[in-house]
Amino acid sequence: MGEQNNPPVHSAALEPLYSEFSVSSLKLRNRFVMAPMTRESSPRGIPTHDNVEYYRKRAAGGVGMIITEGTLVRAPAAGSSASMPHMYGKDSAVGWRSVVEAVHGEDAAIVSQLMHMGVMRGGEPEFEPDVPTVGPSGIGVDGEPLGRALTRADMDAIKDAYVESAKLASDLGFDGVEIHGGHGMVLDTFIWEQTNRREDEYGGTLRNRVRFPMEAVSAVREALGPGFPIIYRFSQWKVGQYDAAVASTPAELEQILCPLADAGVDMFHLSTRRHWLPAFPSENSADQHMGLSGWAKKITGLPAIMVGSVAVDHPFVGDDPADDQDRDEKLRLVVEKFERDEFDLLALGRPLLADPEWVNKTRTGKTDQIVHFKK
Ligand SMILES: Cc1cc2nc3c(=O)[nH]c(=O)nc-3n(C[C@H](O)[C@H](O)[C@H](O)COP(=O)(O)O)c2cc1C
């Protein structure tokens, strides 16, 4: 599909996405969200002035909400890099407070993504290198042994760590938290059969495998009360395992998302690498075309964030060939999906790395001035 054959998607076509949105206490000026993107630019876990300006620019550029890069919860094996920001400790709190004030000063909301990397931390982390990597069963996403299995005491400590970070985020004025439950992070590896071989009540059936993520959400909900927005990020794929599927049918997806919703999730963030692909293509129903966010909405009745190669030519990570649809065609599909109520918010990652003003430029019809992301 050559770009010259289609007039560029202009602000009028995207108009519906500039409408306001609210869920729980979160009130957003539009539907555009900055996706969480790890930067590794917070020495000793402390966000610097550079981080403040980085987020301020994206807020000034028009997004309704920013989801921060993954911020580590207080657990010795939570992260891989010594420059990933922490969501605990006095000095990190000071840095984050300035980020929150800067983003609010530009009328955008900001939520903190809470992250424990589990086995995605790898075997030779820079952060706390003497502490072994942990996961549900000490198995990496490639199926090979990695680190050690979490004990029940470790799991309790991790739950407490999510709660501590969520409380800090709330105290600092963040508008909510996003619990990172995708991409092979610790919560995701509990749900995935390949990485969870436990024989206690946290392993075996899908119901058991979702128990720990559910308990983590529940603990945060209980500590923060009913009005504090909790977003949960879910993905089928894992870093390095792009064809992985935690849920192979809508019924399995329901068995994962509904307990999380019952535990207190307000909104799901469905991380896909290509937003236009159907989640369950062999599903023999009128919903066959639906992506993961559409299914999450249908199954849970909760709002959903869609993401994945909107306005970029290659998916995030992996060696897949370039996509065969041009950027404008993808935006057209986004609008169609919005009109079919398949998502509520649209997250952009790399487009906002390349151009913090992407949203404002699109809204005001200055699409020819957009700086596009190049792989
Ligand atoms: C540099 C970079 C760092 C990322 N770090 C994170 C992260 O910390 N947490 C997370 O959930 N996703 C992370 N992602 C994935 C993005 O949130 C997003 O899902 C992905 O980039 C696809 O969106 P896009 O096609 O608009 O870039 C990262 C992506 C990039 C490009």
# chains A, B, ... in the order shown; residues from 1 in each chain; ligands from 1
call {"tool": "residues_near_ligand", "arguments": {"ligand": "ligand 1", "cutoff": "7 Å", "atoms": "only C-alpha atoms and all ligand atoms", "output": "PyMOL selection string"}}
result
chain A and resi 35-39+69-70+180+182+233+271-273+307-310+312+315-316+347-351
call {"tool": "residues_around", "arguments": {"residues": "Arg152 in chain A", "least_positions_apart": "2", "cutoff": "12 Å", "atoms": "only C-alpha atoms", "output": "list in words"}}
result
Gly135, Pro136, Ser137, Ala149, Leu150, Asp154, Met155, Asp156, Ala157, Ile158, Lys159, Arg198, Asp200, Glu201, Tyr202 and Phe212 of chain A
call {"tool": "write_last_selection", "arguments": {"atoms": "N, CA and C atoms", "output": "mmCIF file, in the first residue's frame"}}
result
data_model
loop_
_atom_site.group_PDB
_atom_site.id
_atom_site.type_symbol
_atom_site.label_atom_id
_atom_site.label_comp_id
_atom_site.auth_asym_id
_atom_site.auth_seq_id
_atom_site.Cartn_x
_atom_site.Cartn_y
_atom_site.Cartn_z
ATOM 1 N N GLY A 135 12.125 -16.610 40.035
ATOM 2 C CA GLY A 135 10.895 -16.773 39.253
ATOM 3 C C GLY A 135 10.068 -17.847 39.921
ATOM 4 N N PRO A 136 8.886 -18.114 39.413
ATOM 5 C CA PRO A 136 8.028 -19.116 40.061
ATOM 6 C C PRO A 136 8.717 -20.469 40.222
ATOM 7 N N SER A 137 9.512 -20.850 39.205
ATOM 8 C CA SER A 137 10.134 -22.184 39.265
ATOM 9 C C SER A 137 11.612 -22.185 38.897
ATOM 10 N N ALA A 149 13.754 -20.845 42.425
ATOM 11 C CA ALA A 149 12.298 -20.728 42.583
ATOM 12 C C ALA A 149 11.973 -19.864 43.803
ATOM 13 N N LEU A 150 10.940 -19.082 43.680
ATOM 14 C CA LEU A 150 10.502 -18.227 44.793
ATOM 15 C C LEU A 150 9.903 -19.078 45.913
ATOM 16 N N ASP A 154 9.366 -15.321 50.003
ATOM 17 C CA ASP A 154 9.751 -14.367 48.934
ATOM 18 C C ASP A 154 8.502 -13.753 48.315
ATOM 19 N N MET A 155 7.509 -14.596 48.084
ATOM 20 C CA MET A 155 6.294 -14.104 47.417
ATOM 21 C C MET A 155 5.574 -13.087 48.295
ATOM 22 N N ASP A 156 5.541 -13.352 49.599
ATOM 23 C CA ASP A 156 4.917 -12.375 50.504
ATOM 24 C C ASP A 156 5.677 -11.053 50.463
ATOM 25 N N ALA A 157 7.002 -11.160 50.417
ATOM 26 C CA ALA A 157 7.820 -9.937 50.390
ATOM 27 C C ALA A 157 7.575 -9.161 49.093
ATOM 28 N N ILE A 158 7.409 -9.866 47.996
ATOM 29 C CA ILE A 158 7.166 -9.180 46.715
ATOM 30 C C ILE A 158 5.797 -8.488 46.741
ATOM 31 N N LYS A 159 4.820 -9.168 47.300
ATOM 32 C CA LYS A 159 3.488 -8.544 47.432
ATOM 33 C C LYS A 159 3.593 -7.256 48.249
ATOM 34 N N ARG A 198 5.244 -25.098 39.412
ATOM 35 C CA ARG A 198 5.086 -25.268 40.859
ATOM 36 C C ARG A 198 4.069 -26.355 41.172
ATOM 37 N N ASP A 200 2.635 -26.314 44.323
ATOM 38 C CA ASP A 200 1.770 -25.831 45.413
ATOM 39 C C ASP A 200 0.514 -25.202 44.793
ATOM 40 N N GLU A 201 -0.239 -24.452 45.569
ATOM 41 C CA GLU A 201 -1.500 -23.907 45.030
ATOM 42 C C GLU A 201 -1.289 -22.709 44.094
ATOM 43 N N TYR A 202 -0.016 -22.418 43.772
ATOM 44 C CA TYR A 202 0.284 -21.358 42.810
ATOM 45 C C TYR A 202 0.699 -21.939 41.453
ATOM 46 N N PHE A 212 -1.198 -15.807 42.246
ATOM 47 C CA PHE A 212 -0.243 -14.844 42.808
ATOM 48 C C PHE A 212 -0.447 -13.439 42.222
#
call {"tool": "residues_around", "arguments": {"residues": "Glu178 in chain A", "least_positions_apart": "4", "cutoff": "10 Å", "atoms": "only C-alpha atoms", "output": "ChimeraX atom specification"}}
result
/A:36,67-68,70,111-115,166,229-233,265,267-269
call {"tool": "atom_distance", "arguments": {"atom1": "CA of Lys375 in chain A", "atom2": "CA of Ala247 in chain A"}}
result
29.9 Å
call {"tool": "closest_residue", "arguments": {"among": "A:Gly143, A:Gly122, A:Gly61, A:Pro76", "to": "Thr364 in chain A", "atoms": "only C-alpha atoms"}}
result
A:Gly61
call {"tool": "closest_residue", "arguments": {"among": "A:Ala251, A:Ala261, A:Leu168, A:Val73", "to": "Glu215 in chain A", "atoms": "only C-alpha atoms"}}
result
A:Ala261
call {"tool": "closest_residue", "arguments": {"among": "A:Asp175, A:Asp313, A:Glu342, A:Glu128", "to": "Ala279 in chain A", "atoms": "only C-alpha atoms"}}
result
A:Glu342
call {"tool": "closest_residue", "arguments": {"among": "A:Leu345, A:Ala286, A:Ala153, A:Ala311", "to": "Phe373 in chain A", "atoms": "only C-alpha atoms"}}
result
A:Ala311
call {"tool": "residues_around", "arguments": {"residues": "Pro250 in chain A", "least_positions_apart": "5", "cutoff": "10 Å", "atoms": "only C-alpha atoms", "output": "compact mmCIF listing (two decimals) with all heavy atoms, in the first residue's frame"}}
result
# COMPACT_ATOMS: atom_id res chain seq x y z
N GLN A 255 -10.45 -16.71 32.16
CA GLN A 255 -9.99 -17.29 33.43
C GLN A 255 -8.82 -16.52 34.03
O GLN A 255 -8.51 -16.65 35.20
CB GLN A 255 -9.55 -18.74 33.22
CG GLN A 255 -10.69 -19.71 33.04
CD GLN A 255 -10.13 -21.12 32.87
OE1 GLN A 255 -9.47 -21.64 33.75
NE2 GLN A 255 -10.37 -21.70 31.71
N ILE A 256 -8.14 -15.74 33.19
CA ILE A 256 -7.02 -14.92 33.69
C ILE A 256 -7.52 -13.53 34.09
O ILE A 256 -7.26 -13.06 35.20
CB ILE A 256 -5.92 -14.79 32.60
CG1 ILE A 256 -5.33 -16.16 32.29
CG2 ILE A 256 -4.84 -13.81 33.05
CD1 ILE A 256 -4.46 -16.20 31.04
N ALA A 279 -6.63 -11.46 17.96
CA ALA A 279 -6.04 -12.18 19.09
C ALA A 279 -6.27 -13.68 18.97
O ALA A 279 -5.42 -14.48 19.34
CB ALA A 279 -6.62 -11.66 20.39
N PHE A 280 -7.45 -14.04 18.47
CA PHE A 280 -7.79 -15.47 18.35
C PHE A 280 -8.33 -15.71 16.94
O PHE A 280 -9.54 -15.84 16.74
CB PHE A 280 -8.83 -15.85 19.42
CG PHE A 280 -8.37 -15.58 20.83
CD1 PHE A 280 -8.89 -14.52 21.56
CD2 PHE A 280 -7.40 -16.38 21.41
CE1 PHE A 280 -8.46 -14.27 22.85
CE2 PHE A 280 -6.95 -16.14 22.71
CZ PHE A 280 -7.48 -15.08 23.43
N GLU A 283 -10.94 -18.34 16.05
CA GLU A 283 -12.24 -18.25 16.74
C GLU A 283 -13.34 -18.13 15.68
O GLU A 283 -13.31 -17.23 14.83
CB GLU A 283 -12.22 -17.01 17.63
CG GLU A 283 -13.33 -16.87 18.61
CD GLU A 283 -13.40 -18.03 19.60
OE1 GLU A 283 -12.44 -18.81 19.72
OE2 GLU A 283 -14.45 -18.16 20.22
N LEU A 292 -6.60 -8.07 21.07
CA LEU A 292 -6.64 -8.45 22.48
C LEU A 292 -7.39 -7.43 23.34
O LEU A 292 -8.09 -7.81 24.29
CB LEU A 292 -5.19 -8.59 22.98
CG LEU A 292 -4.95 -9.44 24.20
CD1 LEU A 292 -5.52 -10.85 24.05
CD2 LEU A 292 -3.44 -9.51 24.50
N TRP A 295 -11.10 -8.08 23.04
CA TRP A 295 -11.51 -9.26 23.81
C TRP A 295 -11.52 -8.95 25.31
O TRP A 295 -12.43 -9.37 26.03
CB TRP A 295 -10.56 -10.44 23.53
CG TRP A 295 -10.90 -11.15 22.27
CD1 TRP A 295 -10.22 -11.09 21.08
CD2 TRP A 295 -12.01 -12.03 22.04
NE1 TRP A 295 -10.84 -11.87 20.14
CE2 TRP A 295 -11.93 -12.46 20.70
CE3 TRP A 295 -13.06 -12.48 22.84
CZ2 TRP A 295 -12.87 -13.32 20.14
CZ3 TRP A 295 -13.99 -13.34 22.29
CH2 TRP A 295 -13.90 -13.76 20.95
N ALA A 296 -10.50 -8.22 25.76
CA ALA A 296 -10.44 -7.90 27.21
C ALA A 296 -11.67 -7.09 27.61
O ALA A 296 -12.28 -7.32 28.67
CB ALA A 296 -9.17 -7.14 27.52
N LYS A 298 -14.61 -7.02 26.08
CA LYS A 298 -15.82 -7.86 25.98
C LYS A 298 -15.93 -8.81 27.19
O LYS A 298 -16.99 -9.00 27.76
CB LYS A 298 -15.74 -8.67 24.68
CG LYS A 298 -16.97 -9.49 24.39
CD LYS A 298 -16.78 -10.27 23.10
CE LYS A 298 -17.82 -11.36 22.98
NZ LYS A 298 -18.95 -11.02 22.16
N ILE A 299 -14.79 -9.37 27.56
CA ILE A 299 -14.79 -10.39 28.63
C ILE A 299 -14.99 -9.77 30.01
O ILE A 299 -15.71 -10.32 30.84
CB ILE A 299 -13.46 -11.18 28.57
CG1 ILE A 299 -13.50 -12.16 27.40
CG2 ILE A 299 -13.17 -11.90 29.88
CD1 ILE A 299 -12.17 -12.83 27.11
call {"tool": "closest_residue", "arguments": {"among": "A:Gly318, A:Pro47, A:Gly95, A:Gly118", "to": "Val141 in chain A", "atoms": "only C-alpha atoms"}}
result
A:Gly118
